[in-house]
Amino acid sequence: MISHFINEPDHWRARAEEARNLANQMNDPESKDAMLRIADDYERLANRAENRAAGRLPNWMKPKGTRQ
């Protein structure tokens with residue numbers, strides 16, 4: 001069976017690291033900020049993949065009254 005990268009935190013963390021490395025090479029502040037935001041988004045995807053693997057639901061899927 002083929003592994004789906006969407007569920008692999010390491011995949012997203014590697015993408016985040018690549019984006020940060022690219023940002024560090026950029027001279028244009030606006031482009032650098034955009035690349036760092038992309039890296040942050042990749043980290044959020046990694047965290048979501050970890051939560052899915054652990055069986056934790058995102059807040060929007062939890063029944064009302066059980067959300068944190």
# chains A, B, ... in the order shown; residues from 1 in each chain; ligands from 1
>>> residues_around(residues="region 28-41 of chain A", least_positions_apart="5", cutoff="9 Å", atoms="only C-alpha atoms", output="list in words")
Arg13, Arg15, Ala16, Glu17, Glu18, Ala19, Arg20, Leu22, Ala23 and Ala46 of chain A
>>> closest_residue(among="A:Glu8, A:Ala54, A:Asn24, A:Gly65", to="Tyr42 (chain A)", atoms="only C-alpha atoms")
A:Glu8
>>> residues_around(residues="Leu45 (chain A)", least_positions_apart="4", cutoff="8 Å", atoms="only C-alpha atoms", output="VMD selection string")
chain A and resid 9 12 41 49
>>> write_last_selection(atoms="C-alpha atoms", output="short mmCIF file (atom, residue, chain, number, x, y, z; two decimals), in the first residue's frame")
data_model
loop_
_atom_site.label_atom_id
_atom_site.label_comp_id
_atom_site.auth_asym_id
_atom_site.auth_seq_id
_atom_site.Cartn_x
_atom_site.Cartn_y
_atom_site.Cartn_z
CA PRO A 9 4.43 14.75 10.06
CA TRP A 12 5.62 18.44 6.45
CA ASP A 41 1.94 26.63 7.65
CA ALA A 49 -0.93 14.99 10.94
#
>>> atom_distance(atom1="CA of Asn47 (chain A)", atom2="CA of His4 (chain A)")
15.7 Å
>>> select_by_dssp(residues="chain A", states="alpha helix (DSSP H)", output="VMD selection string")
chain A and resid 9 to 25 29 to 53
>>> write_last_selection(atoms="C-alpha atoms", output="short mmCIF file (atom, residue, chain, number, x, y, z; two decimals), in the first residue's frame")
data_model
loop_
_atom_site.label_atom_id
_atom_site.label_comp_id
_atom_site.auth_asym_id
_atom_site.auth_seq_id
_atom_site.Cartn_x
_atom_site.Cartn_y
_atom_site.Cartn_z
CA PRO A 9 4.43 14.75 10.06
CA ASP A 10 8.04 14.22 8.97
CA HIS A 11 7.12 15.10 5.39
CA TRP A 12 5.62 18.44 6.45
CA ARG A 13 8.48 19.23 8.84
CA ALA A 14 10.99 18.60 6.05
CA ARG A 15 9.07 21.01 3.81
CA ALA A 16 9.07 23.58 6.64
CA GLU A 17 12.84 23.25 7.00
CA GLU A 18 13.29 23.69 3.24
CA ALA A 19 11.14 26.82 3.30
CA ARG A 20 13.13 28.27 6.22
CA ASN A 21 16.41 27.53 4.42
CA LEU A 22 15.13 29.31 1.32
CA ALA A 23 13.97 32.26 3.42
CA ASN A 24 17.44 32.58 4.93
CA GLN A 25 18.88 32.95 1.43
CA PRO A 29 12.14 41.23 3.17
CA GLU A 30 8.64 40.73 1.77
CA SER A 31 9.61 37.49 0.02
CA LYS A 32 11.47 36.30 3.11
CA ASP A 33 8.42 36.95 5.32
CA ALA A 34 6.17 35.11 2.87
CA MET A 35 8.50 32.09 2.86
CA LEU A 36 8.60 32.05 6.67
CA ARG A 37 4.79 32.10 6.76
CA ILE A 38 4.81 29.11 4.42
CA ALA A 39 7.21 27.34 6.81
CA ASP A 40 4.81 28.05 9.69
CA ASP A 41 1.94 26.63 7.65
CA TYR A 42 3.93 23.45 6.99
CA GLU A 43 4.54 23.12 10.75
CA ARG A 44 0.79 23.43 11.36
CA LEU A 45 0.20 20.66 8.81
CA ALA A 46 2.75 18.49 10.64
CA ASN A 47 0.95 19.07 13.94
CA ARG A 48 -2.38 18.20 12.38
CA ALA A 49 -0.93 14.99 10.94
CA GLU A 50 0.37 14.07 14.41
CA ASN A 51 -3.03 14.74 15.94
CA ARG A 52 -4.72 12.55 13.32
CA ALA A 53 -2.24 9.75 14.01
#
>>> decode(residues="region 16-56 of chain A", atoms="N, CA and C atoms", output="PDB file, in the first residue's frame")
ATOM      1  N   ALA A  16       8.900  22.362   5.839  1.00  0.00           N
ATOM      2  CA  ALA A  16       9.073  23.581   6.637  1.00  0.00           C
ATOM      3  C   ALA A  16      10.547  23.958   6.715  1.00  0.00           C
ATOM      4  N   GLU A  17      11.397  22.980   6.923  1.00  0.00           N
ATOM      5  CA  GLU A  17      12.836  23.251   6.999  1.00  0.00           C
ATOM      6  C   GLU A  17      13.357  23.781   5.661  1.00  0.00           C
ATOM      7  N   GLU A  18      12.897  23.198   4.565  1.00  0.00           N
ATOM      8  CA  GLU A  18      13.291  23.693   3.241  1.00  0.00           C
ATOM      9  C   GLU A  18      12.863  25.143   3.049  1.00  0.00           C
ATOM     10  N   ALA A  19      11.642  25.462   3.453  1.00  0.00           N
ATOM     11  CA  ALA A  19      11.140  26.823   3.303  1.00  0.00           C
ATOM     12  C   ALA A  19      11.956  27.802   4.150  1.00  0.00           C
ATOM     13  N   ARG A  20      12.308  27.396   5.372  1.00  0.00           N
ATOM     14  CA  ARG A  20      13.134  28.270   6.220  1.00  0.00           C
ATOM     15  C   ARG A  20      14.524  28.467   5.613  1.00  0.00           C
ATOM     16  N   ASN A  21      15.099  27.400   5.061  1.00  0.00           N
ATOM     17  CA  ASN A  21      16.412  27.527   4.415  1.00  0.00           C
ATOM     18  C   ASN A  21      16.351  28.483   3.232  1.00  0.00           C
ATOM     19  N   LEU A  22      15.293  28.388   2.444  1.00  0.00           N
ATOM     20  CA  LEU A  22      15.128  29.313   1.321  1.00  0.00           C
ATOM     21  C   LEU A  22      14.979  30.746   1.817  1.00  0.00           C
ATOM     22  N   ALA A  23      14.182  30.921   2.869  1.00  0.00           N
ATOM     23  CA  ALA A  23      13.973  32.262   3.422  1.00  0.00           C
ATOM     24  C   ALA A  23      15.293  32.877   3.867  1.00  0.00           C
ATOM     25  N   ASN A  24      16.149  32.074   4.457  1.00  0.00           N
ATOM     26  CA  ASN A  24      17.442  32.583   4.930  1.00  0.00           C
ATOM     27  C   ASN A  24      18.348  33.022   3.794  1.00  0.00           C
ATOM     28  N   GLN A  25      18.077  32.577   2.584  1.00  0.00           N
ATOM     29  CA  GLN A  25      18.879  32.954   1.425  1.00  0.00           C
ATOM     30  C   GLN A  25      18.309  34.172   0.694  1.00  0.00           C
ATOM     31  N   MET A  26      17.121  34.602   1.098  1.00  0.00           N
ATOM     32  CA  MET A  26      16.453  35.700   0.394  1.00  0.00           C
ATOM     33  C   MET A  26      16.881  37.049   0.949  1.00  0.00           C
ATOM     34  N   ASN A  27      16.989  38.012   0.034  1.00  0.00           N
ATOM     35  CA  ASN A  27      17.350  39.381   0.425  1.00  0.00           C
ATOM     36  C   ASN A  27      16.136  40.293   0.515  1.00  0.00           C
ATOM     37  N   ASP A  28      15.092  39.970  -0.208  1.00  0.00           N
ATOM     38  CA  ASP A  28      13.889  40.797  -0.212  1.00  0.00           C
ATOM     39  C   ASP A  28      13.058  40.490   1.033  1.00  0.00           C
ATOM     40  N   PRO A  29      12.851  41.474   1.908  1.00  0.00           N
ATOM     41  CA  PRO A  29      12.139  41.231   3.169  1.00  0.00           C
ATOM     42  C   PRO A  29      10.721  40.687   2.978  1.00  0.00           C
ATOM     43  N   GLU A  30      10.017  41.192   1.995  1.00  0.00           N
ATOM     44  CA  GLU A  30       8.645  40.728   1.769  1.00  0.00           C
ATOM     45  C   GLU A  30       8.619  39.262   1.346  1.00  0.00           C
ATOM     46  N   SER A  31       9.529  38.887   0.457  1.00  0.00           N
ATOM     47  CA  SER A  31       9.610  37.486   0.023  1.00  0.00           C
ATOM     48  C   SER A  31      10.045  36.581   1.172  1.00  0.00           C
ATOM     49  N   LYS A  32      10.987  37.067   1.957  1.00  0.00           N
ATOM     50  CA  LYS A  32      11.466  36.296   3.106  1.00  0.00           C
ATOM     51  C   LYS A  32      10.336  36.055   4.099  1.00  0.00           C
ATOM     52  N   ASP A  33       9.557  37.097   4.403  1.00  0.00           N
ATOM     53  CA  ASP A  33       8.422  36.954   5.324  1.00  0.00           C
ATOM     54  C   ASP A  33       7.398  35.961   4.786  1.00  0.00           C
ATOM     55  N   ALA A  34       7.135  36.029   3.485  1.00  0.00           N
ATOM     56  CA  ALA A  34       6.175  35.106   2.870  1.00  0.00           C
ATOM     57  C   ALA A  34       6.667  33.666   2.999  1.00  0.00           C
ATOM     58  N   MET A  35       7.952  33.435   2.772  1.00  0.00           N
ATOM     59  CA  MET A  35       8.496  32.085   2.864  1.00  0.00           C
ATOM     60  C   MET A  35       8.461  31.582   4.308  1.00  0.00           C
ATOM     61  N   LEU A  36       8.678  32.458   5.265  1.00  0.00           N
ATOM     62  CA  LEU A  36       8.604  32.051   6.670  1.00  0.00           C
ATOM     63  C   LEU A  36       7.167  31.728   7.073  1.00  0.00           C
ATOM     64  N   ARG A  37       6.199  32.440   6.508  1.00  0.00           N
ATOM     65  CA  ARG A  37       4.789  32.098   6.763  1.00  0.00           C
ATOM     66  C   ARG A  37       4.465  30.726   6.179  1.00  0.00           C
ATOM     67  N   ILE A  38       5.015  30.433   5.026  1.00  0.00           N
ATOM     68  CA  ILE A  38       4.814  29.111   4.420  1.00  0.00           C
ATOM     69  C   ILE A  38       5.407  28.035   5.331  1.00  0.00           C
ATOM     70  N   ALA A  39       6.588  28.292   5.877  1.00  0.00           N
ATOM     71  CA  ALA A  39       7.208  27.337   6.807  1.00  0.00           C
ATOM     72  C   ALA A  39       6.312  27.115   8.022  1.00  0.00           C
ATOM     73  N   ASP A  40       5.732  28.180   8.548  1.00  0.00           N
ATOM     74  CA  ASP A  40       4.808  28.051   9.691  1.00  0.00           C
ATOM     75  C   ASP A  40       3.592  27.212   9.316  1.00  0.00           C
ATOM     76  N   ASP A  41       3.091  27.418   8.109  1.00  0.00           N
ATOM     77  CA  ASP A  41       1.940  26.625   7.654  1.00  0.00           C
ATOM     78  C   ASP A  41       2.298  25.145   7.553  1.00  0.00           C
ATOM     79  N   TYR A  42       3.494  24.842   7.059  1.00  0.00           N
ATOM     80  CA  TYR A  42       3.934  23.452   6.995  1.00  0.00           C
ATOM     81  C   TYR A  42       4.019  22.845   8.394  1.00  0.00           C
ATOM     82  N   GLU A  43       4.483  23.621   9.369  1.00  0.00           N
ATOM     83  CA  GLU A  43       4.544  23.120  10.749  1.00  0.00           C
ATOM     84  C   GLU A  43       3.142  22.820  11.275  1.00  0.00           C
ATOM     85  N   ARG A  44       2.182  23.682  10.947  1.00  0.00           N
ATOM     86  CA  ARG A  44       0.793  23.427  11.361  1.00  0.00           C
ATOM     87  C   ARG A  44       0.267  22.142  10.728  1.00  0.00           C
ATOM     88  N   LEU A  45       0.607  21.910   9.469  1.00  0.00           N
ATOM     89  CA  LEU A  45       0.196  20.662   8.814  1.00  0.00           C
ATOM     90  C   LEU A  45       0.832  19.454   9.505  1.00  0.00           C
ATOM     91  N   ALA A  46       2.084  19.585   9.916  1.00  0.00           N
ATOM     92  CA  ALA A  46       2.751  18.492  10.638  1.00  0.00           C
ATOM     93  C   ALA A  46       2.040  18.204  11.953  1.00  0.00           C
ATOM     94  N   ASN A  47       1.668  19.257  12.676  1.00  0.00           N
ATOM     95  CA  ASN A  47       0.955  19.073  13.945  1.00  0.00           C
ATOM     96  C   ASN A  47      -0.402  18.416  13.719  1.00  0.00           C
ATOM     97  N   ARG A  48      -1.084  18.811  12.675  1.00  0.00           N
ATOM     98  CA  ARG A  48      -2.384  18.200  12.378  1.00  0.00           C
ATOM     99  C   ARG A  48      -2.221  16.722  12.030  1.00  0.00           C
ATOM    100  N   ALA A  49      -1.175  16.392  11.275  1.00  0.00           N
ATOM    101  CA  ALA A  49      -0.925  14.994  10.936  1.00  0.00           C
ATOM    102  C   ALA A  49      -0.641  14.183  12.202  1.00  0.00           C
ATOM    103  N   GLU A  50       0.111  14.757  13.135  1.00  0.00           N
ATOM    104  CA  GLU A  50       0.374  14.074  14.410  1.00  0.00           C
ATOM    105  C   GLU A  50      -0.912  13.851  15.186  1.00  0.00           C
ATOM    106  N   ASN A  51      -1.758  14.868  15.218  1.00  0.00           N
ATOM    107  CA  ASN A  51      -3.029  14.737  15.939  1.00  0.00           C
ATOM    108  C   ASN A  51      -3.907  13.662  15.311  1.00  0.00           C
ATOM    109  N   ARG A  52      -3.937  13.605  13.981  1.00  0.00           N
ATOM    110  CA  ARG A  52      -4.720  12.551  13.323  1.00  0.00           C
ATOM    111  C   ARG A  52      -4.176  11.176  13.689  1.00  0.00           C
ATOM    112  N   ALA A  53      -2.860  11.039  13.692  1.00  0.00           N
ATOM    113  CA  ALA A  53      -2.238   9.751  14.008  1.00  0.00           C
ATOM    114  C   ALA A  53      -2.546   9.320  15.437  1.00  0.00           C
ATOM    115  N   ALA A  54      -2.687  10.308  16.332  1.00  0.00           N
ATOM    116  CA  ALA A  54      -2.982  10.015  17.738  1.00  0.00           C
ATOM    117  C   ALA A  54      -4.484   9.885  17.994  1.00  0.00           C
ATOM    118  N   GLY A  55      -5.277  10.085  16.942  1.00  0.00           N
ATOM    119  CA  GLY A  55      -6.721   9.958  17.092  1.00  0.00           C
ATOM    120  C   GLY A  55      -7.387  11.174  17.699  1.00  0.00           C
ATOM    121  N   ARG A  56      -6.661  12.300  17.777  1.00  0.00           N
ATOM    122  CA  ARG A  56      -7.240  13.524  18.330  1.00  0.00           C
ATOM    123  C   ARG A  56      -7.968  14.275  17.228  1.00  0.00           C
TER     124      ARG A  56
END
